[in-house]
Amino acid sequence: MILIGTMNLSRTRETGDFYCPGCGTSQTYRLRTRRPFLTLYFIPVVPIGAAEPFVQCDQCRAHWDVNVLEMDRHSHEMAQREQFCEEAMRAAVLVTTADGRISEQEIQALHHVGERLLDRPISREELGALCSSTRHLGVSPLNYMLSGSRRWSQAQRTTVLQAAFLAASAEGELSESQLRMLGDLRKMFELSDEQYQTAIEEALELA
């Protein structure tokens with residue numbers, strides 16, 4: 001019986017220092033390449049694909065695209081900040097469009113969220129594109145925020161809660177379903193009653 005299979009072989013090409021997004025600090029790294037080989041009796045004999053480079057952090061062992069070597073700490077934090085702002089805006093949009101419509105009051109509230117809460121001015125055209133793309137997600141506000149909360153800090157979770165509150169209250173008094181959603185967010189984000197109350201009071205000051 002002839003035993004034929006495949007395996008990936010990796011080798012280190014160079015080493016150095018870089019800012020690791022996973023560790024959040026400067027670490028040493030290894031630039032490695034991974035290439036698939038055809039094996040005969042478990043012995044690699046023929047390469048069957050191109051070598052794929054990747055960066056491996058020596059501390060957390062995470063793998064990164066080689067572009068990570070071009071990013072310093074400031075660039076990475078700016079990229080993370082922009083990603084969070086987009087996620088917070090998308091969460092607020094999901095709250096306002098949960099009933100299948102969006103009013104002028106809600107549009108103004110979303111502008112307010114971007115400018116005052118996230119310090120990220122957003123044009124009407126960008127907001128329209130965001131609303132359109134968000135509707136195609138087909139996901140509920142809570143499910144979307146549950147997914148994002150795994151990578152948000154506690155301060156960012158509070159900001160998203162405030163964005164959801166400002167969006168939900170755009171047309172005045174909150175409905176029972178909106179109050180229930182905010183209560184679910186408090187539990188999801190693991191906020192105490194005092195933290196929740198403080199977050200809402202701070203959001204009201206921005207209104």
# chains A, B, ... in the order shown; residues from 1 in each chain; ligands from 1
>>> select_by_dssp(residues="range 89-157 of chain A", states="alpha helix (DSSP H)", output="MDAnalysis selection string")
chainID A and resid 89:96 104:112 124:135 141:149 154:157
>>> residues_around(residues="range 5-18 of chain A", least_positions_apart="5", cutoff="10 Å", atoms="only C-alpha atoms", output="ChimeraX atom specification")
/A:25-49,51-58,68-73
>>> residues_around(residues="Asp184 in chain A", least_positions_apart="4", cutoff="12 Å", atoms="only C-alpha atoms", output="compact mmCIF listing (two decimals) with C-alpha atoms, in the first residue's frame")
# COMPACT_ATOMS: atom_id res chain seq x y z
CA PRO A 141 -29.14 44.88 17.45
CA LEU A 142 -28.54 42.64 20.46
CA ASN A 143 -26.87 39.87 18.47
CA MET A 145 -23.59 44.01 19.96
CA LEU A 146 -23.05 40.62 21.61
CA LEU A 161 -24.91 51.53 25.46
CA ALA A 164 -28.09 52.76 21.69
CA SER A 177 -39.38 46.80 23.87
CA GLN A 178 -36.71 49.53 23.83
CA LEU A 179 -36.50 49.56 27.62
CA ARG A 180 -36.20 45.78 27.59
CA MET A 188 -24.75 41.67 28.43
CA PHE A 189 -22.16 44.35 29.14
CA GLU A 190 -22.01 43.34 32.82
CA LEU A 191 -22.79 46.81 34.14
CA TYR A 196 -25.91 51.80 34.04
>>> residues_around(residues="Gly22 in chain A", least_positions_apart="4", cutoff="10 Å", atoms="only C-alpha atoms", output="list in words")
Cys57, Gln59, Cys60, Arg61, Ala62, His63 and Trp64 of chain A
>>> residues_around(residues="Gly172 in chain A", least_positions_apart="6", cutoff="12 Å", atoms="only C-alpha atoms", output="MDAnalysis selection string")
chainID A and resid 105:106 109 165:166 178 207
>>> residues_around(residues="range 117-132 of chain A", least_positions_apart="6", cutoff="7 Å", atoms="only C-alpha atoms", output="PyMOL selection string")
chain A and resi 85+93+111
>>> closest_residue(among="A:Ser103, A:Gln162, A:Ser169, A:Ser175", to="Arg116 in chain A", atoms="only C-alpha atoms")
A:Gln162
